[in-house]
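Peer 1: Please find one structure pasted underneath; my questions will follow.
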Amino acid sequence: MAEASSIRPQSAASIAQWDFEADVVVAGYGIAGVSASIEAARAGADVLVLERTSGWGGAAALAGGFIYLGGGTPLQQALGFEDSPANMKSFMMAALGPGADEEKITDYCEGSVEHYNWLVDNGVPFKESFYGQPGWETPFDDGLMYSGGENSAPFNTIATPAPRGHVPQMSGKRTGEKGGGFMLMKPLIETAESLGVRAEYDMRVQRLVVDGDRVVGIIAKQYGKEVAVRARTGVVLATGSFAYNEAMIQSYAPRLIGRPGAAIEEHDGKAIQMAQALGADLAHMDATEVAFFGDPQLMIRGILVNGRGQRYVNEDTYPGRIGQETLLRNENQAYLIIDEASYEEGCAADSSTPFFRFQPKWVAETVEELESDMGLPEGTLQSTVEVYNRHAARGEDPVLGKKKEWVKPIGSPVAALDLRNFTAGFTLGGLRTSINSEVIHVSGEPIPGLFAAGRCTAGVCAGGYASGTSLGDGSFYGRRAGISAAKG
Ligand SMILES: Cc1cc2nc3c(=O)[nH]c(=O)nc-3n(C[C@H](O)[C@H](O)[C@H](O)COP(=O)(O)OP(=O)(O)OC[C@H]3O[C@@H](n4cnc5c(N)ncnc54)[C@H](O)[C@@H]3O)c2cc1C
């Protein structure tokens with residue numbers, strides 16, 4: 001056998017005996033892996049999942065649980081929101097680029113209602129209630145929320161706003177610890193088990209096994225021993241992102257150095273490298289989701305300024321967009337300027353992230369004093385607030401298009417919250433795959449026997465992000481991977 005640490009593919013001819021065998025072998029038992037397993041089993045395949053940790057779930061089970069679905073799902077309809085695949089596509093093409101994969105997005109939008117029904121048929125519960133407050137998530141068990149800035153500038157002029165963040169019902173939530181993601185994973189795992197899907201835990205996949213050009217198995221390590229796993233019809237890679245691979249982050253997404261977030265340490269890019277070693281193509285390796293540790297209930301009531309004292313994003317948009325604008329385009333420098341009354345009002349409102357409500361660092365009677373205390377160049381913050389207040393007096397924000405209901409002149413006393421370096425994120429790029437989840441070789445041809453889904457692939461997001469697109473494309477293209485792998 002090759003060195004245990006080697007990532008190069010190994011020839012099937014070198015394997016004297018297979019330790020495990022199945023038609024379809026799935027690496028990783030998170031959202032993409034379970035979705036692949038269910039569909040492969042339904043297609044008649046004998047399915048074996050190899051999972052590195054001691055249990056199923058992955059990042060998906062820790063997630064808030066947004067699944068990005070639309071085009072007129074029964075939940076959207078029941079709650080009175082109109083949507084269509086074309087409208088959903090207009091939003092996704094505008095918000096998830098530049099360079100969004102139009103074929104994938106079209107396919108995803110057209111299949112979205114069917115995918116919602118599939119989740120429901122497999123036991124995922126959605127409560128018929130809409131949460132309309134600014135927030136990262138609903139703090140309650142509501143089933144639907146805006147999760148990508150659909151109802152704010154600039155997207156509310158590009159597509160008709162419709163909420164598409166579908167959240168499995170979960171009581172007693174704690175953001176980042178106990179969310180709707182568990183209630184997505186649990187029923188899907190139960191479905192997989194009922195279909196006879198087998199799982200081997202503490203099994204870390206290392207490299208692919210090939211017979212000529214075709215992938216026919218995986219070498220993994222279990223309890224310190226290398227094992228060979230034969231896949232009679234196909235291998236599905238579903239081991240997550242490369243957020244925790246420092247060398248890959250350095251090479252592809254250096255803005256995330258030292259700030260992985262909303263991922264798990266097992267997201268080490270291994271599947272990407274295993275397939276690269278076979279000639280797999282990559283896409284959008286620089287794309288990142290960026291979380292921003294500010295409470296939307298406060299941000300929306302103030303103005304966000306960068307290190308030059310200038311506004312740079314409408315504060316009523318999706319907080320992940322604020323994160324991207326801050327980290328990727330404003331040197332990770334952000335201050336929230338807010339008056340006392342608005343700060344108190346924001347602190348009293350519902351929030352799923354009350355731990356993001358920080359104390360002001362500077363407080364002053366005038367903006368001039370505040371600007372000086374913050375060490376900003378003279379006149380910068382003053383002119384920003386003067387322009388904002390002049391238009392806000394008429395309930396308008398012609399500069400960045402914040403919605404009328406949240407536009408209010410900033411009064412006195414006035415404070416600044418120091419939100420510099422308050423970002424973290426995960427990677428969105430990965431293996432280039434077809435809409436049938438085939439892994440594409442650099443030549444443009446699919447690699448026979450190799451399929452992938454989830455955050456080890458480049459999915460529907462190429463640059464921008466909306467909450468729910470990871471669990472969304474992970475489950476959607478996980479299903480496709482399972483169907484394709486069962487066919488061989
Ligand atoms: C706190 C938090 C909140 C989030 N909220 C949302 C949200 O609301 N909506 C959304 O869309 N996304 C959300 N995300 C992101 C989302 O959970 C992930 O992007 C998504 O789960 C990726 O799916 P996946 O199947 O690729 O990876 P995962 O679901 O993480 O599954 C990958 C599995 O592969 C296993 N694995 C890794 N390496 C190996 C190996 N070498 N061998 C075998 N197994 C291996 C892992 O242990 C894991 O079980 C959130 C994440 C976190 C942590």
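Each chain in the structure tokens gets a letter, A, B and so on, in the order shown; residues start at 1 in every chain, and ligands are counted from 1 in the order they appear.
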Compute the set of protein, DNA and RNA residues whose minimum atom distance to ligand 1 is at most 6 Å, using only C-alpha atoms and all ligand atoms, and state it as a count of residues only.

Peer 2: 44

Peer 1: List the spatial neighbours of Gln273 of chain A as a VMD selection string - criterion: any atom at most 9 Å away, only C-alpha atoms, same-chain residues fewer than 4 positions off excluded.

Peer 2: chain A and resid 7 to 8 207 269 277 to 278 280

Peer 1: Would you write out those residues with N, CA and C atoms, as a PDB file, in the first residue's frame?

Peer 2:
```pdb
ATOM      1  N   ILE A   7      -1.891  11.249  -0.653  1.00  0.00           N
ATOM      2  CA  ILE A   7      -3.218  11.602  -1.144  1.00  0.00           C
ATOM      3  C   ILE A   7      -3.394  11.131  -2.582  1.00  0.00           C
ATOM      4  N   ARG A   8      -2.286  10.626  -3.154  1.00  0.00           N
ATOM      5  CA  ARG A   8      -2.353  10.171  -4.554  1.00  0.00           C
ATOM      6  C   ARG A   8      -3.268   8.973  -4.671  1.00  0.00           C
ATOM      7  N   ARG A 207      -7.667   8.553   0.556  1.00  0.00           N
ATOM      8  CA  ARG A 207      -7.395   8.681  -0.878  1.00  0.00           C
ATOM      9  C   ARG A 207      -8.344   7.775  -1.656  1.00  0.00           C
ATOM     10  N   GLY A 269     -10.553  20.061   3.852  1.00  0.00           N
ATOM     11  CA  GLY A 269     -10.264  20.098   2.416  1.00  0.00           C
ATOM     12  C   GLY A 269      -9.798  18.790   1.809  1.00  0.00           C
ATOM     13  N   ALA A 277      -5.971  15.235  -6.930  1.00  0.00           N
ATOM     14  CA  ALA A 277      -4.885  14.309  -7.253  1.00  0.00           C
ATOM     15  C   ALA A 277      -5.246  13.423  -8.446  1.00  0.00           C
ATOM     16  N   LEU A 278      -6.524  13.414  -8.803  1.00  0.00           N
ATOM     17  CA  LEU A 278      -7.002  12.654  -9.972  1.00  0.00           C
ATOM     18  C   LEU A 278      -7.243  13.569 -11.162  1.00  0.00           C
ATOM     19  N   ALA A 280      -9.140  16.580 -10.887  1.00  0.00           N
ATOM     20  CA  ALA A 280     -10.425  17.293 -10.786  1.00  0.00           C
ATOM     21  C   ALA A 280     -10.230  18.803 -10.908  1.00  0.00           C
TER      22      ALA A 280
END
```

Peer 1: Atom CA of Lys186 of chain A and atom CA of Thr288 of chain A are how many Å apart?

Peer 2: 27.3 Å

Peer 1: Report as an MDAnalysis selection string all protein, DNA and RNA residues lying within 8 Å of Val216 of chain A, evaluated on only C-alpha atoms, omitting residues in the same chain fewer than 2 positions from it.

Peer 2: chainID A and resid 12 208:211 214 218 230:235 449

Peer 1: Would you write out those residues with C-alpha atoms, as a CSV table (one decimal), in the first residue's frame?

Peer 2:
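Wrote it out as selection.csv, contents follow:
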```
chain,number,residue,atom,x,y,z
A,12,ALA,CA,-7.1,-1.3,-7.4
A,208,LEU,CA,-9.3,7.3,-3.8
A,209,VAL,CA,-8.8,3.9,-5.4
A,210,VAL,CA,-8.8,3.7,-9.2
A,211,ASP,CA,-9.1,1.1,-11.9
A,214,ARG,CA,-12.5,5.0,-13.0
A,218,ILE,CA,-11.6,4.6,-1.0
A,230,ARG,CA,-14.8,-1.0,-2.6
A,231,ALA,CA,-17.5,1.0,-4.3
A,232,ARG,CA,-19.1,-1.1,-7.0
A,233,THR,CA,-21.0,1.7,-8.7
A,234,GLY,CA,-19.7,5.0,-7.3
A,235,VAL,CA,-18.0,7.1,-4.6
A,449,GLY,CA,-17.3,6.8,-10.7
```

Peer 1: Interatomic distance between atom CA of Gly459 of chain A and atom CA of Ser437 of chain A?

Peer 2: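 Between atom CA of Gly459 of chain A and atom CA of Ser437 of chain A the gap works out to 9.9 Å.
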
Peer 1: Among segment 120-210 of chain A, which ones does DSSP place in helix (DSSP H, G or I), written as a PyMOL selection string?

Peer 2: chain A and resi 120-121+155-157+180-194

Peer 1: Would you write out those residues with N, CA, C and O atoms, as a short mmCIF file (atom, residue, chain, number, x, y, z; two decimals), in the first residue's frame?

Peer 2:
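The resulting file, again34.cif, is shown below:
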```cif
data_model
loop_
_atom_site.label_atom_id
_atom_site.label_comp_id
_atom_site.auth_asym_id
_atom_site.auth_seq_id
_atom_site.Cartn_x
_atom_site.Cartn_y
_atom_site.Cartn_z
N VAL A 120 -39.99 17.43 3.49
CA VAL A 120 -41.17 17.21 4.33
C VAL A 120 -41.54 15.72 4.33
O VAL A 120 -41.82 15.13 5.38
N ASP A 121 -41.52 15.10 3.14
CA ASP A 121 -41.87 13.67 3.06
C ASP A 121 -40.88 12.80 3.85
O ASP A 121 -41.23 11.70 4.26
N PHE A 155 -31.27 44.35 -3.84
CA PHE A 155 -31.98 43.21 -4.44
C PHE A 155 -33.48 43.42 -4.52
O PHE A 155 -34.15 42.80 -5.35
N ASN A 156 -34.03 44.30 -3.64
CA ASN A 156 -35.49 44.50 -3.68
C ASN A 156 -35.93 45.24 -4.95
O ASN A 156 -37.13 45.33 -5.23
N THR A 157 -34.95 45.74 -5.71
CA THR A 157 -35.33 46.37 -6.99
C THR A 157 -35.01 45.44 -8.17
O THR A 157 -35.37 45.72 -9.30
N GLY A 180 -31.87 24.66 14.19
CA GLY A 180 -32.74 23.88 13.32
C GLY A 180 -31.99 22.81 12.52
O GLY A 180 -32.60 21.88 12.00
N GLY A 181 -30.67 22.93 12.41
CA GLY A 181 -29.89 21.96 11.65
C GLY A 181 -30.03 20.54 12.20
O GLY A 181 -30.04 19.57 11.44
N PHE A 182 -30.17 20.45 13.52
CA PHE A 182 -30.36 19.13 14.12
C PHE A 182 -31.68 18.51 13.66
O PHE A 182 -31.75 17.32 13.35
N MET A 183 -32.70 19.37 13.58
CA MET A 183 -34.01 18.87 13.16
C MET A 183 -34.11 18.66 11.65
O MET A 183 -35.11 18.17 11.15
N LEU A 184 -33.08 19.08 10.94
CA LEU A 184 -32.96 18.70 9.53
C LEU A 184 -32.29 17.32 9.46
O LEU A 184 -32.75 16.41 8.77
N MET A 185 -31.21 17.16 10.20
CA MET A 185 -30.40 15.94 10.11
C MET A 185 -31.10 14.73 10.71
O MET A 185 -31.06 13.63 10.14
N LYS A 186 -31.73 14.89 11.86
CA LYS A 186 -32.27 13.72 12.59
C LYS A 186 -33.26 12.92 11.74
O LYS A 186 -33.07 11.72 11.55
N PRO A 187 -34.29 13.55 11.19
CA PRO A 187 -35.23 12.74 10.39
C PRO A 187 -34.60 12.17 9.12
O PRO A 187 -34.97 11.06 8.70
N LEU A 188 -33.62 12.89 8.55
CA LEU A 188 -32.99 12.35 7.34
C LEU A 188 -32.14 11.12 7.68
O LEU A 188 -32.14 10.13 6.94
N ILE A 189 -31.44 11.17 8.80
CA ILE A 189 -30.65 10.00 9.22
C ILE A 189 -31.60 8.83 9.51
O ILE A 189 -31.33 7.69 9.10
N GLU A 190 -32.71 9.12 10.17
CA GLU A 190 -33.67 8.03 10.46
C GLU A 190 -34.20 7.43 9.16
O GLU A 190 -34.37 6.22 9.05
N THR A 191 -34.44 8.29 8.18
CA THR A 191 -34.89 7.78 6.87
C THR A 191 -33.82 6.89 6.25
O THR A 191 -34.11 5.79 5.77
N ALA A 192 -32.58 7.37 6.29
CA ALA A 192 -31.49 6.58 5.70
C ALA A 192 -31.39 5.22 6.39
O ALA A 192 -31.28 4.18 5.73
N GLU A 193 -31.45 5.24 7.71
CA GLU A 193 -31.35 3.97 8.46
C GLU A 193 -32.50 3.04 8.08
O GLU A 193 -32.31 1.83 7.90
N SER A 194 -33.70 3.61 7.92
CA SER A 194 -34.86 2.76 7.58
C SER A 194 -34.71 2.16 6.19
O SER A 194 -35.32 1.14 5.87
#
```

Peer 1: Check segment 96-301 of chain A with DSSP on the backbone and list each residue it calls strand (DSSP E), as a PyMOL selection string.

Peer 2: chain A and resi 144-145+165-166+198-200+203-211+214-222+225-237+282-283+288-292

Peer 1: Which polymer residues have any atom within 12 Å of an atom of Ser147 of chain A, counting only C-alpha atoms, with same-chain residues fewer than 2 positions away left out, as a ChimeraX atom specification?

Peer 2: /A:64-70,91-92,95,130-138,143-145,149-152,161-167,316-321,465-469

Peer 1: Considering only C-alpha atoms, can you say which of A:Asp281, A:Ser129, A:Gly97, A:Arg432 comes closest to Gly80 of chain A?

Peer 2: A:Ser129

Peer 1: Point out the residue among A:Pro446, A:Arg480, A:Phe355, A:Ile303 with the least atom-to-atom distance to Ile410 of chain A, counting only C-alpha atoms.

Peer 2: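 For Ile410 of chain A, the nearest of the candidates is A:Ile303.
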
Peer 1: Write out as a short mmCIF file (atom, residue, chain, number, x, y, z; two decimals) with N, CA and C atoms, in the first residue's frame which residues come within 9 Å of Thr423 of chain A when counting only C-alpha atoms, dropping same-chain ones fewer than 4 positions away.

Peer 2:
```
data_model
loop_
_atom_site.label_atom_id
_atom_site.label_comp_id
_atom_site.auth_asym_id
_atom_site.auth_seq_id
_atom_site.Cartn_x
_atom_site.Cartn_y
_atom_site.Cartn_z
N LEU A 256 -9.54 34.85 5.06
CA LEU A 256 -10.07 34.05 6.17
C LEU A 256 -8.97 33.51 7.08
N ARG A 259 -9.49 33.02 10.90
CA ARG A 259 -10.88 33.29 11.28
C ARG A 259 -11.87 32.29 10.67
N GLY A 261 -15.04 30.00 10.68
CA GLY A 261 -16.27 30.08 11.47
C GLY A 261 -17.37 29.30 10.81
N VAL A 290 -19.17 35.11 5.17
CA VAL A 290 -18.56 35.87 6.26
C VAL A 290 -19.64 36.27 7.27
N ALA A 291 -19.48 35.74 8.47
CA ALA A 291 -20.39 36.14 9.55
C ALA A 291 -19.84 37.40 10.21
N PHE A 292 -20.73 38.24 10.68
CA PHE A 292 -20.35 39.50 11.32
C PHE A 292 -20.97 39.50 12.71
N PHE A 293 -20.15 39.73 13.74
CA PHE A 293 -20.64 39.58 15.10
C PHE A 293 -21.27 40.87 15.62
N GLY A 323 -21.09 41.31 6.64
CA GLY A 323 -19.82 40.66 6.94
C GLY A 323 -18.90 40.66 5.74
N GLN A 324 -19.43 40.30 4.57
CA GLN A 324 -18.59 40.27 3.37
C GLN A 324 -18.10 41.67 3.02
N THR A 326 -17.64 44.13 4.97
CA THR A 326 -16.68 44.59 5.97
C THR A 326 -15.31 43.93 5.78
N LEU A 327 -15.31 42.60 5.73
CA LEU A 327 -14.02 41.89 5.65
C LEU A 327 -13.38 42.02 4.28
N ASN A 332 -11.92 45.01 7.10
CA ASN A 332 -12.42 44.49 8.38
C ASN A 332 -12.57 45.58 9.45
N LEU A 419 -16.56 47.53 16.17
CA LEU A 419 -16.81 46.21 15.56
C LEU A 419 -15.69 45.84 14.59
#
```

Peer 1: When you look at Val414 of chain A with a cut-off of 10 Å (counting only C-alpha atoms), what residues show up, excluding the ones that are within fewer than 2 positions of it in the same chain? I need them as a VMD selection string.

Peer 2: chain A and resid 302 337 to 343 360 362 to 367 369 to 370 410 to 412 416

Peer 1: Restricting the output to C-alpha atoms, write the selected residues as an mmCIF file, in the first residue's frame.

Peer 2:
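See part-v6.cif below for the written result:
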```
data_model
loop_
_atom_site.group_PDB
_atom_site.id
_atom_site.type_symbol
_atom_site.label_atom_id
_atom_site.label_comp_id
_atom_site.auth_asym_id
_atom_site.auth_seq_id
_atom_site.Cartn_x
_atom_site.Cartn_y
_atom_site.Cartn_z
ATOM 1 C CA GLY A 302 -27.649 53.037 13.502
ATOM 2 C CA ILE A 337 -22.734 54.810 15.237
ATOM 3 C CA ILE A 338 -25.978 54.855 17.194
ATOM 4 C CA ASP A 339 -27.777 57.264 19.494
ATOM 5 C CA GLU A 340 -28.779 56.352 23.018
ATOM 6 C CA ALA A 341 -32.498 55.992 22.355
ATOM 7 C CA SER A 342 -31.947 53.678 19.394
ATOM 8 C CA TYR A 343 -29.395 51.612 21.305
ATOM 9 C CA PRO A 360 -20.417 51.273 23.265
ATOM 10 C CA TRP A 362 -17.071 55.755 22.943
ATOM 11 C CA VAL A 363 -19.989 57.991 24.004
ATOM 12 C CA ALA A 364 -20.246 61.731 23.328
ATOM 13 C CA GLU A 365 -22.726 64.583 23.224
ATOM 14 C CA THR A 366 -21.798 65.552 19.657
ATOM 15 C CA VAL A 367 -20.619 63.740 16.527
ATOM 16 C CA GLU A 369 -16.492 64.898 19.849
ATOM 17 C CA LEU A 370 -17.194 61.271 18.985
ATOM 18 C CA ILE A 410 -29.078 60.145 14.615
ATOM 19 C CA GLY A 411 -29.527 62.236 17.763
ATOM 20 C CA SER A 412 -27.605 62.841 20.964
ATOM 21 C CA ALA A 416 -19.811 54.139 18.696
#
```

Peer 1: Report as CSV the residues of segment 59-92 of chain A within 10 Å of segment 99-105 of chain A, each with its shortest atom pair and distance in Å (one decimal), using only C-alpha atoms, ordered by chain and increasing residue number.

Peer 2:
```
residue,atom,partner,partner_atom,distance
A:Pro85,CA,A:Ile105,CA,9.7
A:Met88,CA,A:Ile105,CA,9.1
A:Lys89,CA,A:Ile105,CA,6.4
A:Ser90,CA,A:Ile105,CA,9.5
A:Met92,CA,A:Ile105,CA,7.2
```

Peer 1: Can those selected residues be exported to a file as a PDB file, in the first residue's frame so that it contains N, CA, C and O atoms?

Peer 2:
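That gives us part-v9.pdb:
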```pdb
ATOM      1  N   PRO A  85     -39.877  30.243  -9.720  1.00  0.00           N
ATOM      2  CA  PRO A  85     -38.484  29.874 -10.008  1.00  0.00           C
ATOM      3  C   PRO A  85     -37.731  30.999 -10.712  1.00  0.00           C
ATOM      4  O   PRO A  85     -36.557  31.250 -10.412  1.00  0.00           O
ATOM      5  N   MET A  88     -36.872  33.708  -8.154  1.00  0.00           N
ATOM      6  CA  MET A  88     -35.817  33.198  -7.272  1.00  0.00           C
ATOM      7  C   MET A  88     -34.468  33.237  -8.000  1.00  0.00           C
ATOM      8  O   MET A  88     -33.448  33.646  -7.432  1.00  0.00           O
ATOM      9  N   LYS A  89     -34.489  32.855  -9.255  1.00  0.00           N
ATOM     10  CA  LYS A  89     -33.260  32.853 -10.043  1.00  0.00           C
ATOM     11  C   LYS A  89     -32.707  34.278 -10.193  1.00  0.00           C
ATOM     12  O   LYS A  89     -31.489  34.497 -10.071  1.00  0.00           O
ATOM     13  N   SER A  90     -33.598  35.245 -10.426  1.00  0.00           N
ATOM     14  CA  SER A  90     -33.117  36.635 -10.581  1.00  0.00           C
ATOM     15  C   SER A  90     -32.372  37.073  -9.330  1.00  0.00           C
ATOM     16  O   SER A  90     -31.306  37.693  -9.402  1.00  0.00           O
ATOM     17  N   MET A  92     -30.965  35.082  -6.999  1.00  0.00           N
ATOM     18  CA  MET A  92     -29.744  34.301  -6.748  1.00  0.00           C
ATOM     19  C   MET A  92     -28.623  34.706  -7.709  1.00  0.00           C
ATOM     20  O   MET A  92     -27.459  34.794  -7.307  1.00  0.00           O
TER      21      MET A  92
END
```

Peer 1: Considering only C-alpha atoms, state which residue in the set A:Ala462, A:Val305, A:Val24, A:Val47 is at the smallest distance from Gln333 of chain A.

Peer 2: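 Distance minimum relative to Gln333 of chain A lands on A:Val305.
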
Peer 1: May I ask which of the residues A:Ile38, A:Leu450, A:Ala253, A:Leu417 is the closest one to Gly217 of chain A, counting only C-alpha atoms?

Peer 2: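 So, comparing all the options, the nearest one is A:Leu450.
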